[in-house]
Amino acid sequence: LKAGDEGGGLLLFPDWAYKPAWSPGSRQVQLWHFLLELLGRGEGGAIDWGREWGEFVIRDPERLARLWGERKGKPHMNYDKLSRALRYYYNKSILHKTKGKRFTYKFNFSKLILVNYPGYPSFLILVQKEGDGSSIIIG
DNA sequence: TGCGGAACCA
DNA sequence: TGGTTCCGCA
């Protein structure tokens with residue numbers, strides 16, 4: 001496990017999430033992981049947690065897209081393309097759209113690992129520190 | 001803005 | 001397999 005703790009929250013991911021792209025049997029960084037990473041850091045402005053548990057709001061869509069593009073080496077990334085990738089998550093139950101709220105999506109934490117990595121002795125611990133307390137989900 | 005098909009790529 | 005790119009539609 002690795003942890004990132006800088007301000008807004010604390011995020012813990014299983015090791016596979018951090019395996020570099022070149023290592024054998026590894027995967028490239030997943031979009032959902034990238035989003036969680038930014039959310040955990042409280043990465044100024046581009047994306048932020050929403051009101052409900054797991055809900056997030058994209059404050060600056062094109063900036064988020066640029067960040068994602070930089071990570072993946074896709075200089076022509078934009079929100080149109082990034083949002084298409086997010087929509088592919090609907091069928092996998094990783095995400096769904098919060099209808100009526102602009103740029104607002106919601107994670108399905110309970111399904112995130114199970115769907116993506118079946119059979120993996122999986123665990124995702126996400127602690128959100130907010131004024132009214134903290135929550136923990138273990139999948 | 002948001003959706004999902006289709007072709008395509010690593 | 002997870003997107004990326006492009007696009008017509010509502």
# chains A, B, ... in the order shown; residues from 1 in each chain; ligands from 1

$ interface_residues --of "chain C" --to "chain A" --cutoff "12 Å" --atoms "only C-alpha atoms (C1' of nucleotides)" --output "PyMOL selection string"
chain C and resi 1-7

$ interface_residues --of "chain B" --to "chain A" --cutoff "9 Å" --atoms "only C-alpha atoms (C1' of nucleotides)" --output "ChimeraX atom specification"
/B:1-4

$ select_by_dssp --residues "segment 23-107 of chain A" --states "strand (DSSP E)" --output "list in words"
Ile47, Asp48, Trp49, Glu55, Phe56, Val57, Ile58, Leu95, His96, Lys97, Thr104, Tyr105, Lys106 and Phe107 of chain A

$ closest_residue --among "A:Trp49, A:Phe56, A:Phe34, A:Tyr105" --to "Gly69 of chain A" --atoms "only C-alpha atoms"
A:Phe34

$ atom_distance --atom1 "atom C1' of DC8 of chain B" --atom2 "atom CA of Tyr79 of chain A"
19.5 Å

$ atom_distance --atom1 "atom CA of Thr98 of chain A" --atom2 "atom CA of Gly73 of chain A"
29.1 Å

$ atom_distance --atom1 "atom CA of Lys72 of chain A" --atom2 "atom CA of Gly50 of chain A"
25.5 Å

$ residues_around --residues "Phe107 of chain A" --least-positions-apart "5" --cutoff "12 Å" --atoms "only C-alpha atoms (C1' of nucleotides)" --output "JSON, numbers by chain"
{"A": [32, 33, 35, 36, 39, 49, 50, 52, 53, 54, 55, 56, 57, 86, 89, 90, 92, 93, 94, 95, 96, 97, 98, 112, 113, 126, 137]}

$ write_last_selection --atoms "N, CA, C and O atoms" --output "CSV table (one decimal), in the first residue's frame"
chain,number,residue,atom,x,y,z
A,32,TRP,N,-10.1,6.1,-13.5
A,32,TRP,CA,-10.8,6.2,-12.1
A,32,TRP,C,-9.7,6.4,-11.0
A,32,TRP,O,-10.0,7.1,-10.0
A,33,HIS,N,-8.6,5.8,-11.2
A,33,HIS,CA,-7.5,5.9,-10.3
A,33,HIS,C,-6.9,7.3,-10.3
A,33,HIS,O,-6.7,7.9,-9.2
A,35,LEU,N,-8.5,10.0,-11.1
A,35,LEU,CA,-9.5,10.9,-10.5
A,35,LEU,C,-9.4,10.8,-9.0
A,35,LEU,O,-9.4,11.8,-8.3
A,36,LEU,N,-9.3,9.6,-8.5
A,36,LEU,CA,-9.2,9.4,-7.0
A,36,LEU,C,-7.9,10.0,-6.5
A,36,LEU,O,-7.9,10.6,-5.4
A,39,LEU,N,-8.5,13.8,-6.4
A,39,LEU,CA,-9.5,14.1,-5.3
A,39,LEU,C,-8.8,13.9,-3.9
A,39,LEU,O,-9.1,14.7,-3.0
A,49,TRP,N,-14.6,16.9,-4.4
A,49,TRP,CA,-15.7,16.1,-3.9
A,49,TRP,C,-17.0,16.9,-3.9
A,49,TRP,O,-17.0,18.1,-3.7
A,50,GLY,N,-18.1,16.2,-4.1
A,50,GLY,CA,-19.4,16.8,-4.1
A,50,GLY,C,-20.1,16.6,-2.7
A,50,GLY,O,-19.4,16.4,-1.7
A,52,GLU,N,-22.6,14.4,-1.8
A,52,GLU,CA,-22.8,13.1,-1.3
A,52,GLU,C,-21.5,12.2,-1.3
A,52,GLU,O,-20.6,12.6,-2.0
A,53,TRP,N,-21.6,11.1,-0.6
A,53,TRP,CA,-20.5,10.2,-0.5
A,53,TRP,C,-20.1,9.7,-1.9
A,53,TRP,O,-21.0,9.0,-2.5
A,54,GLY,N,-18.9,9.9,-2.4
A,54,GLY,CA,-18.5,9.3,-3.6
A,54,GLY,C,-18.8,10.3,-4.8
A,54,GLY,O,-18.3,10.0,-5.9
A,55,GLU,N,-19.5,11.3,-4.6
A,55,GLU,CA,-19.9,12.2,-5.6
A,55,GLU,C,-18.8,13.2,-5.8
A,55,GLU,O,-18.2,13.7,-4.9
A,56,PHE,N,-18.5,13.5,-7.1
A,56,PHE,CA,-17.5,14.5,-7.4
A,56,PHE,C,-17.9,15.5,-8.5
A,56,PHE,O,-18.7,15.1,-9.3
A,57,VAL,N,-17.4,16.7,-8.4
A,57,VAL,CA,-17.8,17.7,-9.4
A,57,VAL,C,-16.5,18.2,-10.1
A,57,VAL,O,-15.5,18.5,-9.5
A,86,LEU,N,-15.5,8.3,-19.2
A,86,LEU,CA,-16.3,8.3,-18.0
A,86,LEU,C,-17.6,7.5,-18.3
A,86,LEU,O,-18.1,6.7,-17.5
A,89,TYR,N,-17.7,3.9,-18.1
A,89,TYR,CA,-17.7,3.4,-16.7
A,89,TYR,C,-19.1,3.1,-16.2
A,89,TYR,O,-19.3,2.3,-15.3
A,90,TYR,N,-20.2,3.6,-16.9
A,90,TYR,CA,-21.5,3.4,-16.5
A,90,TYR,C,-21.9,2.0,-16.5
A,90,TYR,O,-22.4,1.4,-15.5
A,92,LYS,N,-20.0,-0.6,-16.4
A,92,LYS,CA,-19.2,-1.3,-15.5
A,92,LYS,C,-19.5,-1.0,-14.0
A,92,LYS,O,-18.9,-1.6,-13.1
A,93,SER,N,-20.5,-0.1,-13.8
A,93,SER,CA,-20.9,0.3,-12.5
A,93,SER,C,-19.8,0.9,-11.6
A,93,SER,O,-19.8,0.8,-10.4
A,94,ILE,N,-18.8,1.4,-12.3
A,94,ILE,CA,-17.8,2.1,-11.6
A,94,ILE,C,-18.2,3.5,-11.3
A,94,ILE,O,-18.0,4.1,-10.2
A,95,LEU,N,-19.0,4.1,-12.2
A,95,LEU,CA,-19.5,5.5,-12.1
A,95,LEU,C,-20.9,5.5,-12.5
A,95,LEU,O,-21.4,4.7,-13.3
A,96,HIS,N,-21.6,6.6,-12.1
A,96,HIS,CA,-22.8,7.0,-12.8
A,96,HIS,C,-22.9,8.5,-12.7
A,96,HIS,O,-22.3,9.1,-11.9
A,97,LYS,N,-23.8,9.0,-13.6
A,97,LYS,CA,-24.0,10.4,-13.6
A,97,LYS,C,-25.0,10.9,-12.6
A,97,LYS,O,-26.0,10.2,-12.4
A,98,THR,N,-24.7,12.0,-11.9
A,98,THR,CA,-25.7,12.6,-11.1
A,98,THR,C,-26.5,13.5,-12.0
A,98,THR,O,-26.1,14.6,-12.4
A,112,LEU,N,-16.2,-0.9,-7.5
A,112,LEU,CA,-15.0,-0.5,-8.2
A,112,LEU,C,-14.0,-1.6,-8.4
A,112,LEU,O,-13.6,-1.9,-9.5
A,113,ILE,N,-13.6,-2.2,-7.3
A,113,ILE,CA,-12.6,-3.3,-7.4
A,113,ILE,C,-13.1,-4.6,-7.9
A,113,ILE,O,-12.5,-5.2,-8.8
A,126,LEU,N,-10.8,4.2,1.5
A,126,LEU,CA,-10.8,5.6,1.2
A,126,LEU,C,-11.4,6.3,2.3
A,126,LEU,O,-12.5,6.1,2.8
A,137,ILE,N,-14.7,3.1,3.4
A,137,ILE,CA,-15.3,1.9,2.7
A,137,ILE,C,-14.2,0.9,2.4
A,137,ILE,O,-13.2,1.3,1.9

$ decode --residues "chain B" --atoms "N, CA and C atoms (P, O5', C5', C4', C3', O3' and C1' of nucleotides)" --output "PDB file, in the first residue's frame"
ATOM      1  P    DT B   1     -21.651  24.273 -20.492  1.00  0.00           P
ATOM      2  O5'  DT B   1     -22.019  22.782 -20.105  1.00  0.00           O
ATOM      3  C5'  DT B   1     -22.452  21.967 -21.158  1.00  0.00           C
ATOM      4  C4'  DT B   1     -23.431  20.979 -20.579  1.00  0.00           C
ATOM      5  C3'  DT B   1     -22.777  19.696 -20.090  1.00  0.00           C
ATOM      6  O3'  DT B   1     -23.521  19.197 -18.996  1.00  0.00           O
ATOM      7  C1'  DT B   1     -24.118  19.258 -21.979  1.00  0.00           C
ATOM      8  P    DG B   2     -23.001  17.889 -18.149  1.00  0.00           P
ATOM      9  O5'  DG B   2     -23.535  16.646 -18.997  1.00  0.00           O
ATOM     10  C5'  DG B   2     -24.922  16.348 -18.994  1.00  0.00           C
ATOM     11  C4'  DG B   2     -25.213  15.269 -20.005  1.00  0.00           C
ATOM     12  C3'  DG B   2     -24.346  14.005 -19.900  1.00  0.00           C
ATOM     13  O3'  DG B   2     -25.167  12.916 -19.514  1.00  0.00           O
ATOM     14  C1'  DG B   2     -24.691  14.673 -22.149  1.00  0.00           C
ATOM     15  P    DC B   3     -24.590  11.443 -19.351  1.00  0.00           P
ATOM     16  O5'  DC B   3     -24.933  10.820 -20.777  1.00  0.00           O
ATOM     17  C5'  DC B   3     -26.292  10.751 -21.190  1.00  0.00           C
ATOM     18  C4'  DC B   3     -26.386  10.133 -22.555  1.00  0.00           C
ATOM     19  C3'  DC B   3     -25.593   8.838 -22.691  1.00  0.00           C
ATOM     20  O3'  DC B   3     -26.473   7.741 -22.772  1.00  0.00           O
ATOM     21  C1'  DC B   3     -25.291  10.296 -24.583  1.00  0.00           C
ATOM     22  P    DG B   4     -25.990   6.271 -22.428  1.00  0.00           P
ATOM     23  O5'  DG B   4     -25.562   5.705 -23.858  1.00  0.00           O
ATOM     24  C5'  DG B   4     -26.535   5.560 -24.879  1.00  0.00           C
ATOM     25  C4'  DG B   4     -25.837   5.317 -26.201  1.00  0.00           C
ATOM     26  C3'  DG B   4     -24.856   4.133 -26.190  1.00  0.00           C
ATOM     27  O3'  DG B   4     -24.996   3.438 -27.418  1.00  0.00           O
ATOM     28  C1'  DG B   4     -23.761   6.044 -26.934  1.00  0.00           C
ATOM     29  P    DG B   5     -24.516   1.930 -27.606  1.00  0.00           P
ATOM     30  O5'  DG B   5     -24.213   1.924 -29.174  1.00  0.00           O
ATOM     31  C5'  DG B   5     -25.153   2.480 -30.077  1.00  0.00           C
ATOM     32  C4'  DG B   5     -24.470   2.821 -31.393  1.00  0.00           C
ATOM     33  C3'  DG B   5     -23.531   1.746 -31.908  1.00  0.00           C
ATOM     34  O3'  DG B   5     -23.745   1.591 -33.306  1.00  0.00           O
ATOM     35  C1'  DG B   5     -22.340   3.798 -31.638  1.00  0.00           C
ATOM     36  P    DA B   6     -23.161   0.319 -34.096  1.00  0.00           P
ATOM     37  O5'  DA B   6     -21.746   0.869 -34.605  1.00  0.00           O
ATOM     38  C5'  DA B   6     -21.703   2.042 -35.381  1.00  0.00           C
ATOM     39  C4'  DA B   6     -20.257   2.395 -35.676  1.00  0.00           C
ATOM     40  C3'  DA B   6     -19.325   1.188 -35.802  1.00  0.00           C
ATOM     41  O3'  DA B   6     -18.657   1.270 -37.046  1.00  0.00           O
ATOM     42  C1'  DA B   6     -18.407   2.818 -34.346  1.00  0.00           C
ATOM     43  P    DA B   7     -17.811   0.010 -37.594  1.00  0.00           P
ATOM     44  O5'  DA B   7     -16.343   0.639 -37.584  1.00  0.00           O
ATOM     45  C5'  DA B   7     -16.119   1.896 -38.206  1.00  0.00           C
ATOM     46  C4'  DA B   7     -14.751   2.425 -37.809  1.00  0.00           C
ATOM     47  C3'  DA B   7     -13.640   1.373 -37.899  1.00  0.00           C
ATOM     48  O3'  DA B   7     -12.526   1.941 -38.581  1.00  0.00           O
ATOM     49  C1'  DA B   7     -13.668   2.372 -35.756  1.00  0.00           C
ATOM     50  P    DC B   8     -11.191   1.079 -38.873  1.00  0.00           P
ATOM     51  O5'  DC B   8     -10.256   1.517 -37.663  1.00  0.00           O
ATOM     52  C5'  DC B   8     -10.099   2.914 -37.373  1.00  0.00           C
ATOM     53  C4'  DC B   8      -9.309   3.070 -36.093  1.00  0.00           C
ATOM     54  C3'  DC B   8      -8.114   2.114 -35.972  1.00  0.00           C
ATOM     55  O3'  DC B   8      -6.932   2.873 -35.880  1.00  0.00           O
ATOM     56  C1'  DC B   8      -9.349   2.235 -33.949  1.00  0.00           C
ATOM     57  P    DC B   9      -5.472   2.174 -36.163  1.00  0.00           P
ATOM     58  O5'  DC B   9      -4.792   2.338 -34.733  1.00  0.00           O
ATOM     59  C5'  DC B   9      -4.913   3.555 -34.011  1.00  0.00           C
ATOM     60  C4'  DC B   9      -4.533   3.331 -32.553  1.00  0.00           C
ATOM     61  C3'  DC B   9      -3.366   2.365 -32.372  1.00  0.00           C
ATOM     62  O3'  DC B   9      -2.397   2.976 -31.538  1.00  0.00           O
ATOM     63  C1'  DC B   9      -5.171   1.790 -30.955  1.00  0.00           C
ATOM     64  P    DA B  10      -0.842   2.413 -31.544  1.00  0.00           P
ATOM     65  O5'  DA B  10      -0.657   1.940 -30.031  1.00  0.00           O
ATOM     66  C5'  DA B  10      -0.643   2.909 -28.979  1.00  0.00           C
ATOM     67  C4'  DA B  10      -0.618   2.199 -27.632  1.00  0.00           C
ATOM     68  C3'  DA B  10       0.516   1.188 -27.478  1.00  0.00           C
ATOM     69  O3'  DA B  10       0.934   1.156 -26.104  1.00  0.00           O
ATOM     70  C1'  DA B  10      -1.548   0.076 -27.317  1.00  0.00           C
TER      71       DA B  10
END
